[in-house]
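**Q** Below is a structure I'd like to ask you about.
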Amino acid sequence: MLRRLLPPSAVLLWLAAAYAHPLDSQIRSVQQIAPGVFTRIGDRDARQPANTGWIEFKDYVVVIEANTPWGMRDILPEIRKTTSKPIRYVFDTHYHWDHTQGNSVMADEGVTVVCSQDCASELAAKGKAEWDQMSKNADYSLAPYRLQQPSVVFGDFMALDDGERRLELRRVGPAHTIGDAVAFLPKEGILFTGDLCVNWRSGNNVSDPDADHRHWVQVLNDLARGNVKTVVPGHGALGTAATLRAQSAFLDDLWTQVAGGKKAGKSLAQLLKDVDLSRHGDFAADAQQNQSAIRAVFRKAPDPR
Ligand SMILES: [Zn+2]
């Protein structure tokens, strides 16, 4: 019936749209996932790939992830559409550029930047290197912005609690980075994981020089055992505790195959050919990311004796 109504090219376009990955339709869309709790899925093509969340308290708003400066400039009006309360804090889950470079935009709005002590230390060193490297990008210039350090840091734990709403910030690294921390709403069972967990087809970055892949697996398994109903990953679609377990299984298998192969005397070149992650579906969908993941784990894995 479609053929009679539409030219063949239109049918093809329609088919492509129908079978596009469901995430495509969610990009940049703002969703209320519980009363006063919002998420906005990142947009990789616009260099603002990280998901951002915001949580309304009685008198103020807390933002999760500072995103990129241009990302934050797009997100602030979205936040204002949902609440007239002032934004008081922004929490960075870890130091990577796509989660912290919007810090100065937030600070200029009078917002206090919060992260773990180790995240702050990493931002000052490795984050500075990322900033300097990315300053050379003409399309997305960082010149109007500055590398803004957090002004509130915590060791292992802090909570924001106004009697109605409670938000817990818990440092769980070293995993994806040293200072990884998660944000958890215990009453709602909503967990913001940063890049400890992603839920898209573009892979996860396991190449941070200080990543601890073994501990990362354990952290995800521990988190999955908690009272988690909704997972807001660092990138990609919302998930559940099952998403945490699937990300953990991918990392565990990656380590087992690469470190096991290295121990058995296989070369990196051999492992780049042999390692098979195909059973992990979306987590292993990006062949290039898989290759860099294999390289990163190979560097970290113990040498054969
Ligand atoms: Zn990251």
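Convention: chains lettered A, B, ... in structure tokens order; per-chain residue numbering from 1; ligands numbered from 1 as shown.
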Hey, which residues come within 9 Å of ligand 1 if we count only C-alpha atoms and all ligand atoms? Could you give them as a list in words?

**A**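 Residues satisfying the distance criterion: Ala50, Thr93, His94, Tyr95, His96, Trp97, Asp98, His99, His176, Thr177, Asp180, Gly194, Asp195, Leu196, Asn204, Asn205, Val206, Asp208 and Gly234 of chain A.
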
**Q** Can you write just those residues out, C-alpha atoms, as a short mmCIF file (atom, residue, chain, number, x, y, z; two decimals), in the first residue's frame?

**A**
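Final file, selection.cif:
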data_model
loop_
_atom_site.label_atom_id
_atom_site.label_comp_id
_atom_site.auth_asym_id
_atom_site.auth_seq_id
_atom_site.Cartn_x
_atom_site.Cartn_y
_atom_site.Cartn_z
CA ALA A 50 26.92 13.62 28.31
CA THR A 93 30.61 12.80 38.49
CA HIS A 94 34.25 12.81 37.27
CA TYR A 95 36.80 15.12 35.67
CA HIS A 96 36.47 14.23 31.94
CA TRP A 97 35.90 17.19 29.62
CA ASP A 98 32.33 16.39 28.64
CA HIS A 99 31.30 16.35 32.32
CA HIS A 176 36.53 4.81 35.06
CA THR A 177 38.76 7.47 36.71
CA ASP A 180 34.40 8.70 40.13
CA GLY A 194 28.52 9.17 35.22
CA ASP A 195 30.63 7.05 32.85
CA LEU A 196 30.77 4.06 35.17
CA ASN A 204 32.76 3.43 26.75
CA ASN A 205 36.09 5.12 27.34
CA VAL A 206 38.20 2.70 29.36
CA ASP A 208 41.98 6.84 31.32
CA GLY A 234 26.78 8.98 31.58
#

**Q** With only C-alpha atoms as the counted atoms, please give the residues lying no more than 7 Å from range 292-301 of chain A, apart from itself and same-chain residues fewer than 5 positions off, as a PyMOL selection string.

**A** chain A and resi 206-207+255+258-259+268+272

**Q** Neighbours of Gln117 in chain A within 7 Å (only C-alpha atoms; same-chain residues fewer than 3 positions away dropped), as a list in words?

**A**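 So the residues in contact are Ala120, Ser121, Val153, Phe154 and Gly155 of chain A.
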
**Q** List the neighbours of Met158 in chain A out to 7 Å using only C-alpha atoms; skip same-chain residues closer than 4 positions along the sequence, and give me the result as a list of chain:residue names.

**A**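 Residues near the query, excluding close chain neighbours: A:Phe154, A:Glu168, A:Leu169, A:Arg170.
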
**Q** Residues of the last selection are to be written out with N, CA and C atoms, as a compact mmCIF listing (two decimals), in the first residue's frame.

**A**
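As written to disk, again-v2.txt reads:
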# COMPACT_ATOMS: atom_id res chain seq x y z
N PHE A 154 34.36 16.67 48.45
CA PHE A 154 34.10 15.73 49.54
C PHE A 154 35.02 14.52 49.39
N GLU A 168 22.32 11.71 47.71
CA GLU A 168 23.59 11.24 48.25
C GLU A 168 24.65 11.23 47.14
N LEU A 169 25.80 11.79 47.45
CA LEU A 169 26.94 11.78 46.52
C LEU A 169 27.97 10.85 47.12
N ARG A 170 28.32 9.81 46.39
CA ARG A 170 29.20 8.79 46.95
C ARG A 170 30.36 8.53 46.01

**Q** Write down as a PyMOL selection string the residues of range 31-244 of chain A whose backbone DSSP state falls under strand (DSSP E or B).

**A** chain A and resi 31-34+37-40+43+48+52-56+61-64+87-91+112-116+152-154+157-161+166-171+181-185+190-194+199+230-233+236+239

**Q** For those residues, write C-alpha atoms to a file as an mmCIF file, in the first residue's frame.

**A**
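Result written to part_14.cif:
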data_model
loop_
_atom_site.group_PDB
_atom_site.id
_atom_site.type_symbol
_atom_site.label_atom_id
_atom_site.label_comp_id
_atom_site.auth_asym_id
_atom_site.auth_seq_id
_atom_site.Cartn_x
_atom_site.Cartn_y
_atom_site.Cartn_z
ATOM 1 C CA GLN A 31 12.144 13.814 30.538
ATOM 2 C CA GLN A 32 10.680 13.988 34.046
ATOM 3 C CA ILE A 33 11.573 10.629 35.576
ATOM 4 C CA ALA A 34 10.084 11.330 39.032
ATOM 5 C CA VAL A 37 13.665 14.926 38.771
ATOM 6 C CA PHE A 38 14.624 15.566 35.154
ATOM 7 C CA THR A 39 17.082 14.158 32.636
ATOM 8 C CA ARG A 40 18.271 15.396 29.304
ATOM 9 C CA ASP A 43 23.926 14.992 21.817
ATOM 10 C CA GLN A 48 27.631 17.717 24.205
ATOM 11 C CA THR A 52 22.565 15.945 32.350
ATOM 12 C CA GLY A 53 20.051 15.753 35.189
ATOM 13 C CA TRP A 54 18.466 18.190 37.576
ATOM 14 C CA ILE A 55 16.675 17.743 40.850
ATOM 15 C CA GLU A 56 14.307 20.153 42.517
ATOM 16 C CA VAL A 61 17.868 22.987 42.233
ATOM 17 C CA VAL A 62 20.871 20.650 41.942
ATOM 18 C CA VAL A 63 22.257 19.877 38.479
ATOM 19 C CA ILE A 64 24.080 16.605 37.780
ATOM 20 C CA ILE A 87 20.213 26.455 40.779
ATOM 21 C CA ARG A 88 22.497 26.147 43.795
ATOM 22 C CA TYR A 89 24.855 23.246 43.008
ATOM 23 C CA VAL A 90 26.222 21.393 40.035
ATOM 24 C CA PHE A 91 27.794 18.001 40.684
ATOM 25 C CA THR A 112 28.556 26.117 43.343
ATOM 26 C CA VAL A 113 30.524 23.338 41.645
ATOM 27 C CA VAL A 114 30.828 20.118 43.690
ATOM 28 C CA CYS A 115 32.839 16.946 43.106
ATOM 29 C CA SER A 116 34.978 14.436 44.972
ATOM 30 C CA VAL A 152 33.084 22.237 47.381
ATOM 31 C CA VAL A 153 34.794 18.850 47.511
ATOM 32 C CA PHE A 154 34.098 15.726 49.540
ATOM 33 C CA PHE A 157 30.412 10.879 50.911
ATOM 34 C CA MET A 158 28.165 13.879 51.230
ATOM 35 C CA ALA A 159 24.403 14.330 51.241
ATOM 36 C CA LEU A 160 22.031 17.174 50.452
ATOM 37 C CA ASP A 161 18.892 16.760 52.540
ATOM 38 C CA ARG A 166 17.672 13.555 49.905
ATOM 39 C CA LEU A 167 20.511 13.281 47.415
ATOM 40 C CA GLU A 168 23.594 11.240 48.248
ATOM 41 C CA LEU A 169 26.938 11.775 46.521
ATOM 42 C CA ARG A 170 29.198 8.786 46.954
ATOM 43 C CA ARG A 171 32.734 8.411 45.741
ATOM 44 C CA ALA A 181 31.373 9.493 42.243
ATOM 45 C CA VAL A 182 27.695 8.684 41.774
ATOM 46 C CA ALA A 183 24.574 10.637 42.737
ATOM 47 C CA PHE A 184 21.742 8.653 44.295
ATOM 48 C CA LEU A 185 18.188 9.534 45.258
ATOM 49 C CA ILE A 190 17.375 6.855 40.890
ATOM 50 C CA LEU A 191 21.121 6.510 40.299
ATOM 51 C CA PHE A 192 23.244 8.893 38.204
ATOM 52 C CA THR A 193 26.345 6.888 37.322
ATOM 53 C CA GLY A 194 28.518 9.167 35.217
ATOM 54 C CA ASN A 199 23.892 2.831 27.436
ATOM 55 C CA THR A 230 16.304 3.828 37.335
ATOM 56 C CA VAL A 231 19.837 4.306 36.052
ATOM 57 C CA VAL A 232 20.786 7.575 34.400
ATOM 58 C CA PRO A 233 24.011 6.590 32.607
ATOM 59 C CA GLY A 236 22.774 7.092 26.172
ATOM 60 C CA GLY A 239 18.472 1.989 32.133
#

**Q** Running DSSP on the backbone, which parts of range 16-154 of chain A land in helix (DSSP H, G or I), as a ChimeraX atom specification?

**A** /A:16-19,22-25,44-46,69-82,97-100,103-108,117-134

**Q** Restricting it to C-alpha atoms, dump the selection as a PDB file, in the first residue's frame.

**A**
ATOM      1  CA  ALA A  16      15.266   3.953   7.735  1.00  0.00           C
ATOM      2  CA  ALA A  17      13.335   6.134  10.174  1.00  0.00           C
ATOM      3  CA  ALA A  18      11.294   3.206  11.434  1.00  0.00           C
ATOM      4  CA  TYR A  19      14.369   1.140  12.161  1.00  0.00           C
ATOM      5  CA  PRO A  22      15.327   4.369  19.508  1.00  0.00           C
ATOM      6  CA  LEU A  23      17.970   6.560  21.195  1.00  0.00           C
ATOM      7  CA  ASP A  24      18.004   8.873  18.164  1.00  0.00           C
ATOM      8  CA  SER A  25      14.575  10.162  19.066  1.00  0.00           C
ATOM      9  CA  ARG A  44      27.143  13.509  20.491  1.00  0.00           C
ATOM     10  CA  ASP A  45      27.015  15.320  17.144  1.00  0.00           C
ATOM     11  CA  ALA A  46      26.783  18.712  18.847  1.00  0.00           C
ATOM     12  CA  PRO A  69      29.976  25.114  27.948  1.00  0.00           C
ATOM     13  CA  TRP A  70      27.775  25.181  24.812  1.00  0.00           C
ATOM     14  CA  GLY A  71      25.880  22.170  26.160  1.00  0.00           C
ATOM     15  CA  MET A  72      25.184  24.004  29.418  1.00  0.00           C
ATOM     16  CA  ARG A  73      24.059  27.091  27.493  1.00  0.00           C
ATOM     17  CA  ASP A  74      21.472  24.909  25.744  1.00  0.00           C
ATOM     18  CA  ILE A  75      20.463  23.152  28.955  1.00  0.00           C
ATOM     19  CA  LEU A  76      19.967  26.184  31.238  1.00  0.00           C
ATOM     20  CA  PRO A  77      16.835  27.377  29.367  1.00  0.00           C
ATOM     21  CA  GLU A  78      15.515  23.801  29.490  1.00  0.00           C
ATOM     22  CA  ILE A  79      15.953  23.800  33.272  1.00  0.00           C
ATOM     23  CA  ARG A  80      14.207  27.178  33.557  1.00  0.00           C
ATOM     24  CA  LYS A  81      11.203  25.782  31.670  1.00  0.00           C
ATOM     25  CA  THR A  82      10.725  23.214  34.426  1.00  0.00           C
ATOM     26  CA  TRP A  97      35.896  17.193  29.616  1.00  0.00           C
ATOM     27  CA  ASP A  98      32.328  16.385  28.644  1.00  0.00           C
ATOM     28  CA  HIS A  99      31.297  16.348  32.318  1.00  0.00           C
ATOM     29  CA  THR A 100      33.192  19.415  33.613  1.00  0.00           C
ATOM     30  CA  ASN A 103      31.684  24.439  35.145  1.00  0.00           C
ATOM     31  CA  SER A 104      32.557  28.078  34.418  1.00  0.00           C
ATOM     32  CA  VAL A 105      29.176  28.693  32.766  1.00  0.00           C
ATOM     33  CA  MET A 106      27.536  27.450  35.953  1.00  0.00           C
ATOM     34  CA  ALA A 107      29.862  29.389  38.287  1.00  0.00           C
ATOM     35  CA  ASP A 108      29.037  32.574  36.345  1.00  0.00           C
ATOM     36  CA  GLN A 117      38.422  15.548  46.186  1.00  0.00           C
ATOM     37  CA  ASP A 118      40.087  13.131  43.784  1.00  0.00           C
ATOM     38  CA  CYS A 119      37.958  14.391  40.894  1.00  0.00           C
ATOM     39  CA  ALA A 120      39.138  17.939  41.692  1.00  0.00           C
ATOM     40  CA  SER A 121      42.780  16.818  41.742  1.00  0.00           C
ATOM     41  CA  GLU A 122      42.380  15.046  38.413  1.00  0.00           C
ATOM     42  CA  LEU A 123      40.624  18.079  36.900  1.00  0.00           C
ATOM     43  CA  ALA A 124      43.568  20.290  37.857  1.00  0.00           C
ATOM     44  CA  ALA A 125      46.073  17.973  36.166  1.00  0.00           C
ATOM     45  CA  LYS A 126      44.630  15.681  33.479  1.00  0.00           C
ATOM     46  CA  GLY A 127      41.596  17.942  32.999  1.00  0.00           C
ATOM     47  CA  LYS A 128      43.911  20.893  32.353  1.00  0.00           C
ATOM     48  CA  ALA A 129      45.716  18.842  29.699  1.00  0.00           C
ATOM     49  CA  GLU A 130      42.376  17.987  28.043  1.00  0.00           C
ATOM     50  CA  TRP A 131      41.371  21.653  28.176  1.00  0.00           C
ATOM     51  CA  ASP A 132      44.620  22.824  26.565  1.00  0.00           C
ATOM     52  CA  GLN A 133      44.369  20.151  23.892  1.00  0.00           C
ATOM     53  CA  MET A 134      40.750  20.973  23.072  1.00  0.00           C
TER      54      MET A 134
END

**Q** What's around Ala287 in chain A at 12 Å? Count only C-alpha atoms, leave out sequence neighbours fewer than 2 positions away in its own chain, and write the answer as a list in words.

**A**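 Here the qualifying residues turn out to be Arg201, Ser202, Gly203, Asn204, Leu272, Lys273, Val275, Asp276, Leu277, Ser278, Gly281, Asp282, Phe283, Ala284, Ala285, Gln289, Asn290, Gln291, Ser292, Ala293 and Ile294 of chain A.
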
**Q** What's the 8 Å shell around Phe57 in chain A, counting only C-alpha atoms, without same-chain residues fewer than 3 positions away, as a PDB file with N, CA and C atoms, in the first residue's frame?

**A**
ATOM      1  N   GLY A  36       9.841  16.281  40.005  1.00  0.00           N
ATOM      2  CA  GLY A  36      10.963  17.183  40.258  1.00  0.00           C
ATOM      3  C   GLY A  36      12.332  16.633  39.887  1.00  0.00           C
ATOM      4  N   TYR A  60      15.720  25.046  46.105  1.00  0.00           N
ATOM      5  CA  TYR A  60      16.782  25.189  45.104  1.00  0.00           C
ATOM      6  C   TYR A  60      16.837  23.966  44.194  1.00  0.00           C
ATOM      7  N   VAL A  61      17.723  24.060  43.219  1.00  0.00           N
ATOM      8  CA  VAL A  61      17.868  22.987  42.233  1.00  0.00           C
ATOM      9  C   VAL A  61      19.322  22.515  42.224  1.00  0.00           C
ATOM     10  N   VAL A  62      19.527  21.218  42.094  1.00  0.00           N
ATOM     11  CA  VAL A  62      20.871  20.650  41.942  1.00  0.00           C
ATOM     12  C   VAL A  62      20.978  20.051  40.540  1.00  0.00           C
ATOM     13  N   ASP A 162      16.958  18.241  52.591  1.00  0.00           N
ATOM     14  CA  ASP A 162      16.187  19.357  53.154  1.00  0.00           C
ATOM     15  C   ASP A 162      14.940  18.861  53.883  1.00  0.00           C
ATOM     16  N   GLU A 164      12.703  16.883  52.810  1.00  0.00           N
ATOM     17  CA  GLU A 164      11.788  16.280  51.832  1.00  0.00           C
ATOM     18  C   GLU A 164      12.561  15.462  50.807  1.00  0.00           C
ATOM     19  N   ARG A 165      13.634  16.054  50.351  1.00  0.00           N
ATOM     20  CA  ARG A 165      14.432  15.427  49.291  1.00  0.00           C
ATOM     21  C   ARG A 165      15.810  15.093  49.838  1.00  0.00           C
TER      22      ARG A 165
END

**Q** Leaving out Gly226 in chain A and any residue of its chain fewer than 5 positions from it, which residues lie within 10 Å of it when counting only C-alpha atoms, given as a ChimeraX atom specification?

**A** /A:186,189,191,221,241

**Q** Next, the residues of the selection above should be written as a compact mmCIF listing (two decimals), in the first residue's frame with N, CA and C atoms.

**A**
# COMPACT_ATOMS: atom_id res chain seq x y z
N PRO A 186 17.83 8.05 47.20
CA PRO A 186 17.42 6.77 47.80
C PRO A 186 15.90 6.57 47.80
N GLY A 189 15.03 5.76 44.20
CA GLY A 189 15.80 4.66 43.58
C GLY A 189 16.41 5.07 42.26
N LEU A 191 19.66 6.46 40.20
CA LEU A 191 21.12 6.51 40.30
C LEU A 191 21.71 7.17 39.06
N ASN A 221 28.82 -4.05 40.13
CA ASN A 221 28.06 -5.15 40.74
C ASN A 221 27.49 -4.72 42.09
N ALA A 241 18.99 -1.61 36.87
CA ALA A 241 20.10 -2.37 37.46
C ALA A 241 20.67 -3.37 36.44

**Q** Of the candidates A:Asn67, A:Gln218, A:Thr83, A:Gln101, which shows the shortest atom-to-atom distance to Leu251 in chain A, using only C-alpha atoms?

**A**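 When distances to Leu251 in chain A are compared using only C-alpha atoms, the smallest one comes from A:Gln218.
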
**Q** Could you check the closest approach to Leu147 in chain A for each of A:Ser84, A:Thr68, A:Ser267, A:Thr240 and tell me which residue wins, using only C-alpha atoms?

**A**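 Of A:Ser84, A:Thr68, A:Ser267, A:Thr240, the one nearest Leu147 in chain A, counting only C-alpha atoms, is A:Thr68.
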
**Q** Interatomic distance between CA of Asp139 in chain A and CA of Cys197 in chain A?

**A**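 Interatomic distance here is 28.6 Å.
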